[in-house]
>>> print(open('structure13.cif').read())   # mmCIF, N, CA and C atoms
data_my_file
#
loop_
_atom_site.label_atom_id
_atom_site.label_comp_id
_atom_site.auth_asym_id
_atom_site.auth_seq_id
_atom_site.Cartn_x
_atom_site.Cartn_y
_atom_site.Cartn_z
N MET A 1 -48.52 -32.78 -16.95
CA MET A 1 -47.62 -31.87 -16.25
C MET A 1 -47.46 -32.28 -14.79
N ARG A 2 -48.53 -32.83 -14.21
CA ARG A 2 -48.51 -33.19 -12.79
C ARG A 2 -47.40 -34.19 -12.49
N ASP A 3 -47.22 -35.19 -13.37
CA ASP A 3 -46.19 -36.20 -13.11
C ASP A 3 -44.78 -35.62 -13.20
N ILE A 4 -44.59 -34.62 -14.05
CA ILE A 4 -43.28 -33.96 -14.14
C ILE A 4 -43.02 -33.17 -12.87
N LEU A 5 -44.01 -32.43 -12.41
CA LEU A 5 -43.86 -31.66 -11.16
C LEU A 5 -43.63 -32.58 -9.97
N LEU A 6 -44.28 -33.73 -9.96
CA LEU A 6 -44.08 -34.68 -8.88
C LEU A 6 -42.63 -35.18 -8.85
N SER A 7 -42.02 -35.30 -10.01
CA SER A 7 -40.61 -35.67 -10.06
C SER A 7 -39.74 -34.59 -9.40
N PHE A 8 -40.03 -33.33 -9.67
CA PHE A 8 -39.27 -32.25 -9.02
C PHE A 8 -39.50 -32.26 -7.50
N ILE A 9 -40.72 -32.54 -7.10
CA ILE A 9 -41.03 -32.62 -5.67
C ILE A 9 -40.23 -33.73 -5.01
N LYS A 10 -40.15 -34.87 -5.65
CA LYS A 10 -39.36 -35.99 -5.12
C LYS A 10 -37.89 -35.60 -4.97
N ILE A 11 -37.37 -34.88 -5.93
CA ILE A 11 -35.98 -34.44 -5.86
C ILE A 11 -35.78 -33.48 -4.69
N HIS A 12 -36.71 -32.56 -4.52
CA HIS A 12 -36.66 -31.64 -3.36
C HIS A 12 -36.65 -32.43 -2.06
N ILE A 13 -37.53 -33.42 -1.96
CA ILE A 13 -37.61 -34.22 -0.74
C ILE A 13 -36.28 -34.92 -0.48
N LEU A 14 -35.73 -35.57 -1.50
CA LEU A 14 -34.45 -36.27 -1.33
C LEU A 14 -33.36 -35.29 -0.92
N PHE A 15 -33.32 -34.14 -1.55
CA PHE A 15 -32.30 -33.15 -1.22
C PHE A 15 -32.40 -32.74 0.25
N HIS A 16 -33.58 -32.34 0.68
CA HIS A 16 -33.74 -31.86 2.05
C HIS A 16 -33.51 -32.98 3.07
N ALA A 17 -33.93 -34.20 2.75
CA ALA A 17 -33.72 -35.33 3.66
C ALA A 17 -32.23 -35.67 3.76
N GLY A 18 -31.45 -35.25 2.79
CA GLY A 18 -30.01 -35.43 2.84
C GLY A 18 -29.31 -34.35 3.65
N GLN A 19 -29.98 -33.23 3.84
CA GLN A 19 -29.43 -32.12 4.63
C GLN A 19 -29.65 -32.34 6.12
N ALA A 20 -30.85 -32.80 6.45
CA ALA A 20 -31.24 -33.03 7.86
C ALA A 20 -32.52 -33.86 7.84
N PRO A 21 -32.83 -34.54 8.93
CA PRO A 21 -34.10 -35.28 8.97
C PRO A 21 -35.27 -34.31 8.75
N VAL A 22 -36.26 -34.77 7.98
CA VAL A 22 -37.42 -33.93 7.64
C VAL A 22 -38.69 -34.66 8.06
N TYR A 23 -39.76 -33.89 8.24
CA TYR A 23 -41.07 -34.47 8.54
C TYR A 23 -42.11 -33.77 7.67
N GLY A 24 -43.27 -34.40 7.57
CA GLY A 24 -44.30 -33.98 6.63
C GLY A 24 -44.70 -32.53 6.68
N ALA A 25 -45.07 -32.03 7.86
CA ALA A 25 -45.55 -30.64 7.95
C ALA A 25 -44.47 -29.66 7.51
N TRP A 26 -43.22 -29.93 7.88
CA TRP A 26 -42.13 -29.05 7.46
C TRP A 26 -41.96 -29.10 5.95
N LEU A 27 -42.04 -30.31 5.38
CA LEU A 27 -41.90 -30.44 3.93
C LEU A 27 -43.01 -29.70 3.19
N LEU A 28 -44.23 -29.77 3.70
CA LEU A 28 -45.33 -29.04 3.05
C LEU A 28 -45.03 -27.55 2.99
N GLU A 29 -44.51 -27.00 4.09
CA GLU A 29 -44.16 -25.57 4.12
C GLU A 29 -42.99 -25.27 3.18
N GLU A 30 -41.97 -26.10 3.21
CA GLU A 30 -40.79 -25.88 2.37
C GLU A 30 -41.14 -25.98 0.90
N LEU A 31 -41.91 -26.97 0.54
CA LEU A 31 -42.30 -27.11 -0.87
C LEU A 31 -43.20 -25.95 -1.31
N ALA A 32 -44.06 -25.46 -0.42
CA ALA A 32 -44.90 -24.30 -0.75
C ALA A 32 -44.03 -23.08 -0.99
N ARG A 33 -42.93 -22.97 -0.24
CA ARG A 33 -42.00 -21.86 -0.44
C ARG A 33 -41.41 -21.87 -1.85
N HIS A 34 -41.34 -23.05 -2.44
CA HIS A 34 -40.82 -23.20 -3.80
C HIS A 34 -41.94 -23.18 -4.84
N GLY A 35 -43.17 -22.93 -4.40
CA GLY A 35 -44.28 -22.81 -5.34
C GLY A 35 -45.07 -24.09 -5.56
N TYR A 36 -44.76 -25.15 -4.82
CA TYR A 36 -45.50 -26.40 -4.95
C TYR A 36 -46.59 -26.43 -3.89
N ARG A 37 -47.83 -26.53 -4.32
CA ARG A 37 -48.96 -26.60 -3.40
C ARG A 37 -49.40 -28.05 -3.33
N LEU A 38 -49.02 -28.71 -2.24
CA LEU A 38 -49.34 -30.12 -2.07
C LEU A 38 -50.29 -30.31 -0.92
N SER A 39 -51.10 -31.32 -1.03
CA SER A 39 -51.94 -31.72 0.10
C SER A 39 -51.22 -32.86 0.81
N PRO A 40 -51.55 -33.09 2.07
CA PRO A 40 -50.99 -34.25 2.75
C PRO A 40 -51.30 -35.55 2.00
N GLY A 41 -52.43 -35.58 1.31
CA GLY A 41 -52.83 -36.77 0.54
C GLY A 41 -51.92 -37.05 -0.64
N THR A 42 -51.12 -36.08 -1.04
CA THR A 42 -50.12 -36.29 -2.09
C THR A 42 -48.75 -36.50 -1.46
N LEU A 43 -48.42 -35.72 -0.44
CA LEU A 43 -47.10 -35.79 0.16
C LEU A 43 -46.82 -37.14 0.82
N TYR A 44 -47.73 -37.59 1.68
CA TYR A 44 -47.44 -38.80 2.46
C TYR A 44 -47.30 -40.06 1.60
N PRO A 45 -48.14 -40.26 0.59
CA PRO A 45 -47.90 -41.41 -0.30
C PRO A 45 -46.56 -41.29 -1.05
N THR A 46 -46.15 -40.06 -1.35
CA THR A 46 -44.86 -39.85 -2.01
C THR A 46 -43.72 -40.23 -1.06
N LEU A 47 -43.81 -39.80 0.19
CA LEU A 47 -42.80 -40.18 1.18
C LEU A 47 -42.75 -41.69 1.35
N HIS A 48 -43.90 -42.33 1.42
CA HIS A 48 -43.94 -43.78 1.60
C HIS A 48 -43.35 -44.49 0.39
N ALA A 49 -43.61 -43.97 -0.81
CA ALA A 49 -43.05 -44.59 -2.02
C ALA A 49 -41.53 -44.45 -2.04
N LEU A 50 -41.02 -43.29 -1.64
CA LEU A 50 -39.56 -43.09 -1.59
C LEU A 50 -38.93 -43.99 -0.52
N GLU A 51 -39.65 -44.20 0.56
CA GLU A 51 -39.16 -45.11 1.60
C GLU A 51 -39.18 -46.55 1.09
N GLU A 52 -40.26 -46.93 0.45
CA GLU A 52 -40.39 -48.28 -0.08
C GLU A 52 -39.33 -48.57 -1.14
N ALA A 53 -38.97 -47.56 -1.90
CA ALA A 53 -37.94 -47.71 -2.93
C ALA A 53 -36.54 -47.78 -2.33
N GLY A 54 -36.42 -47.49 -1.03
CA GLY A 54 -35.12 -47.57 -0.37
C GLY A 54 -34.34 -46.27 -0.36
N TYR A 55 -34.97 -45.16 -0.78
CA TYR A 55 -34.27 -43.87 -0.83
C TYR A 55 -34.35 -43.11 0.49
N LEU A 56 -35.38 -43.39 1.28
CA LEU A 56 -35.55 -42.74 2.58
C LEU A 56 -35.71 -43.81 3.65
N GLU A 57 -35.31 -43.47 4.87
CA GLU A 57 -35.63 -44.31 6.01
C GLU A 57 -36.38 -43.46 7.02
N ARG A 58 -37.29 -44.10 7.72
CA ARG A 58 -38.17 -43.38 8.64
C ARG A 58 -37.84 -43.76 10.08
N SER A 59 -37.91 -42.77 10.93
CA SER A 59 -37.83 -43.00 12.38
C SER A 59 -38.94 -42.19 13.03
N GLU A 60 -39.29 -42.58 14.24
CA GLU A 60 -40.37 -41.89 14.94
C GLU A 60 -39.85 -41.30 16.24
N GLU A 61 -40.39 -40.13 16.56
CA GLU A 61 -40.00 -39.44 17.79
C GLU A 61 -41.25 -38.76 18.35
N VAL A 62 -41.39 -38.78 19.66
CA VAL A 62 -42.52 -38.10 20.29
C VAL A 62 -42.14 -36.63 20.50
N VAL A 63 -42.94 -35.74 19.91
CA VAL A 63 -42.73 -34.30 20.01
C VAL A 63 -44.04 -33.69 20.51
N GLU A 64 -43.96 -33.04 21.66
CA GLU A 64 -45.14 -32.43 22.28
C GLU A 64 -46.30 -33.41 22.38
N GLY A 65 -45.99 -34.62 22.79
CA GLY A 65 -47.01 -35.64 23.01
C GLY A 65 -47.52 -36.33 21.76
N LYS A 66 -47.00 -35.99 20.60
CA LYS A 66 -47.43 -36.61 19.34
C LYS A 66 -46.25 -37.31 18.68
N VAL A 67 -46.55 -38.39 17.99
CA VAL A 67 -45.50 -39.11 17.27
C VAL A 67 -45.25 -38.40 15.94
N ARG A 68 -44.00 -38.02 15.74
CA ARG A 68 -43.60 -37.36 14.48
C ARG A 68 -42.69 -38.33 13.73
N LYS A 69 -42.97 -38.50 12.45
CA LYS A 69 -42.17 -39.38 11.59
C LYS A 69 -41.14 -38.54 10.87
N TYR A 70 -39.88 -38.88 11.09
CA TYR A 70 -38.77 -38.20 10.42
C TYR A 70 -38.24 -39.08 9.30
N TYR A 71 -37.84 -38.44 8.22
CA TYR A 71 -37.29 -39.15 7.07
C TYR A 71 -35.87 -38.67 6.82
N ARG A 72 -34.98 -39.65 6.60
CA ARG A 72 -33.57 -39.36 6.31
C ARG A 72 -33.20 -40.05 5.01
N LEU A 73 -32.25 -39.47 4.32
CA LEU A 73 -31.76 -40.05 3.08
C LEU A 73 -30.93 -41.29 3.38
N THR A 74 -31.12 -42.35 2.62
CA THR A 74 -30.32 -43.57 2.77
C THR A 74 -29.11 -43.50 1.84
N THR A 75 -28.26 -44.49 1.91
CA THR A 75 -27.12 -44.58 1.00
C THR A 75 -27.61 -44.68 -0.45
N ALA A 76 -28.65 -45.47 -0.66
CA ALA A 76 -29.22 -45.58 -2.01
C ALA A 76 -29.83 -44.26 -2.45
N GLY A 77 -30.44 -43.55 -1.52
CA GLY A 77 -31.01 -42.24 -1.82
C GLY A 77 -29.93 -41.24 -2.19
N ARG A 78 -28.81 -41.29 -1.48
CA ARG A 78 -27.67 -40.41 -1.79
C ARG A 78 -27.14 -40.69 -3.19
N ALA A 79 -26.99 -41.97 -3.53
CA ALA A 79 -26.51 -42.34 -4.86
C ALA A 79 -27.48 -41.86 -5.94
N ALA A 80 -28.78 -42.03 -5.69
CA ALA A 80 -29.79 -41.56 -6.65
C ALA A 80 -29.74 -40.05 -6.80
N LEU A 81 -29.62 -39.34 -5.68
CA LEU A 81 -29.57 -37.88 -5.71
C LEU A 81 -28.32 -37.40 -6.44
N ASP A 82 -27.19 -38.07 -6.23
CA ASP A 82 -25.97 -37.71 -6.95
C ASP A 82 -26.15 -37.88 -8.46
N GLU A 83 -26.76 -38.99 -8.87
CA GLU A 83 -27.01 -39.24 -10.29
C GLU A 83 -27.98 -38.21 -10.86
N ILE A 84 -29.03 -37.91 -10.12
CA ILE A 84 -30.00 -36.90 -10.55
C ILE A 84 -29.30 -35.55 -10.73
N GLY A 85 -28.42 -35.20 -9.80
CA GLY A 85 -27.68 -33.94 -9.89
C GLY A 85 -26.85 -33.86 -11.16
N ARG A 86 -26.17 -34.96 -11.50
CA ARG A 86 -25.37 -34.98 -12.74
C ARG A 86 -26.26 -34.79 -13.96
N LYS A 87 -27.40 -35.49 -13.97
CA LYS A 87 -28.32 -35.39 -15.10
C LYS A 87 -28.92 -33.98 -15.20
N MET A 88 -29.23 -33.39 -14.04
CA MET A 88 -29.79 -32.04 -14.04
C MET A 88 -28.77 -31.02 -14.55
N GLN A 89 -27.51 -31.16 -14.15
CA GLN A 89 -26.47 -30.24 -14.63
C GLN A 89 -26.32 -30.34 -16.14
N GLU A 90 -26.32 -31.56 -16.64
CA GLU A 90 -26.18 -31.76 -18.09
C GLU A 90 -27.35 -31.14 -18.83
N LEU A 91 -28.56 -31.41 -18.36
CA LEU A 91 -29.76 -30.88 -19.03
C LEU A 91 -29.82 -29.36 -18.93
N ALA A 92 -29.57 -28.82 -17.74
CA ALA A 92 -29.61 -27.36 -17.57
C ALA A 92 -28.58 -26.68 -18.46
N GLY A 93 -27.39 -27.25 -18.55
CA GLY A 93 -26.37 -26.68 -19.41
C GLY A 93 -26.80 -26.69 -20.87
N GLU A 94 -27.41 -27.77 -21.28
CA GLU A 94 -27.88 -27.89 -22.67
C GLU A 94 -29.00 -26.89 -22.95
N ILE A 95 -29.95 -26.79 -22.03
CA ILE A 95 -31.08 -25.88 -22.23
C ILE A 95 -30.61 -24.43 -22.24
N LEU A 96 -29.75 -24.06 -21.30
CA LEU A 96 -29.31 -22.68 -21.20
C LEU A 96 -28.40 -22.28 -22.36
N ALA A 97 -27.64 -23.23 -22.88
CA ALA A 97 -26.74 -22.93 -24.00
C ALA A 97 -27.46 -22.93 -25.34
N ASN A 98 -28.59 -23.62 -25.43
CA ASN A 98 -29.28 -23.78 -26.70
C ASN A 98 -30.78 -23.58 -26.56
N PRO A 99 -31.21 -22.38 -26.22
CA PRO A 99 -32.66 -22.18 -26.08
C PRO A 99 -33.36 -22.41 -27.41
N LEU A 100 -34.53 -22.99 -27.34
CA LEU A 100 -35.30 -23.25 -28.55
C LEU A 100 -35.91 -21.96 -29.08
N SER A 101 -35.80 -21.78 -30.37
CA SER A 101 -36.48 -20.66 -31.01
C SER A 101 -37.84 -21.16 -31.49
N PRO A 102 -38.85 -20.32 -31.45
CA PRO A 102 -40.16 -20.74 -31.95
C PRO A 102 -40.05 -21.20 -33.39
N GLY A 103 -40.63 -22.35 -33.68
CA GLY A 103 -40.65 -22.86 -35.05
C GLY A 103 -39.40 -23.60 -35.46
N ARG A 104 -38.40 -23.68 -34.59
CA ARG A 104 -37.17 -24.38 -34.94
C ARG A 104 -37.14 -25.72 -34.21
N PRO A 105 -37.07 -26.83 -34.96
CA PRO A 105 -37.04 -28.13 -34.30
C PRO A 105 -35.78 -28.30 -33.45
N PRO A 106 -35.88 -29.04 -32.35
CA PRO A 106 -34.70 -29.29 -31.54
C PRO A 106 -33.59 -29.93 -32.36
N GLY A 107 -32.37 -29.49 -32.15
CA GLY A 107 -31.22 -30.06 -32.85
C GLY A 107 -30.95 -29.45 -34.21
N SER A 108 -31.86 -28.62 -34.73
CA SER A 108 -31.61 -28.01 -36.04
C SER A 108 -30.69 -26.81 -35.85
N PRO A 109 -29.88 -26.51 -36.86
CA PRO A 109 -28.95 -25.39 -36.71
C PRO A 109 -29.70 -24.06 -36.62
N ALA A 110 -29.09 -23.13 -35.90
CA ALA A 110 -29.65 -21.79 -35.81
C ALA A 110 -29.54 -21.11 -37.17
N PRO A 111 -30.50 -20.27 -37.50
CA PRO A 111 -30.43 -19.58 -38.79
C PRO A 111 -29.21 -18.66 -38.83
N SER A 112 -28.58 -18.59 -40.00
CA SER A 112 -27.43 -17.70 -40.13
C SER A 112 -27.92 -16.28 -40.39
N VAL A 113 -27.12 -15.34 -39.94
CA VAL A 113 -27.50 -13.92 -40.05
C VAL A 113 -26.64 -13.25 -41.08
#
>>> encode(input="structure13.cif", output="structure tokens")
Amino acid sequence: MRDILLSFIKIHILFHAGQAPVYGAWLLEELARHGYRLSPGTLYPTLHALEEAGYLERSEEVVEGKVRKYYRLTTAGRAALDEIGRKMQELAGEILANPLSPGRPPGSPAPSV
């Protein structure tokens, strides 16, 4: 389950980084607001992996005497987020239109009444 939730976290990060530059402490608070409890030891490697993959770019700024790393969505990140959005719409539509009944295999016809 952890790897599935991490995928949702990555999508949240890409979305917010596309809205405005984001930094780690803010992301931890925002993700907690959505029910994700992350430690910095999970968040920062995730940010670095998204940066390494070319989806985020990092810049540094001194804020109150400390260096803060900001992350922004790249063109590749925007394309990935757009594709993820299309896939999410398709899946959500399918799930909401065809909820699984207990004991009924996926794709099997609903029982007639």
>>> residues_around(input="structure13.cif", residues="Gly77 of chain A", least_positions_apart="6", cutoff="6.5 Å", atoms="only N, CA and C atoms", output="list in words")
Gly54, Tyr55 and Leu56 of chain A
>>> axis_aligned_box(input="structure13.cif", around="segment 59-63 of chain A", padding_each_side="8 Å", output="JSON")
{"center_x": -40.9, "center_y": -38.3, "center_z": 15.7, "size_x": 22.2, "size_y": 25.3, "size_z": 25.6}
>>> select_by_dssp(input="structure13.cif", residues="chain A", states="strand (DSSP E)", output="PyMOL selection string")
chain A and resi 56-63+66-73
>>> closest_residue(input="structure13.cif", among="A:Gly85, A:Ile4, A:Leu73, A:Glu51", to="Ala20 of chain A", atoms="all atoms listed in the file")
A:Leu73
>>> atom_distance(input="structure13.cif", atom1="atom CA of Tyr70 of chain A", atom2="atom CA of Glu83 of chain A")
23.8 Å
>>> closest_residue(input="structure13.cif", among="A:Gln89, A:Thr46, A:Ser59, A:Ser39", to="Ile13 of chain A", atoms="only C-alpha atoms")
A:Thr46
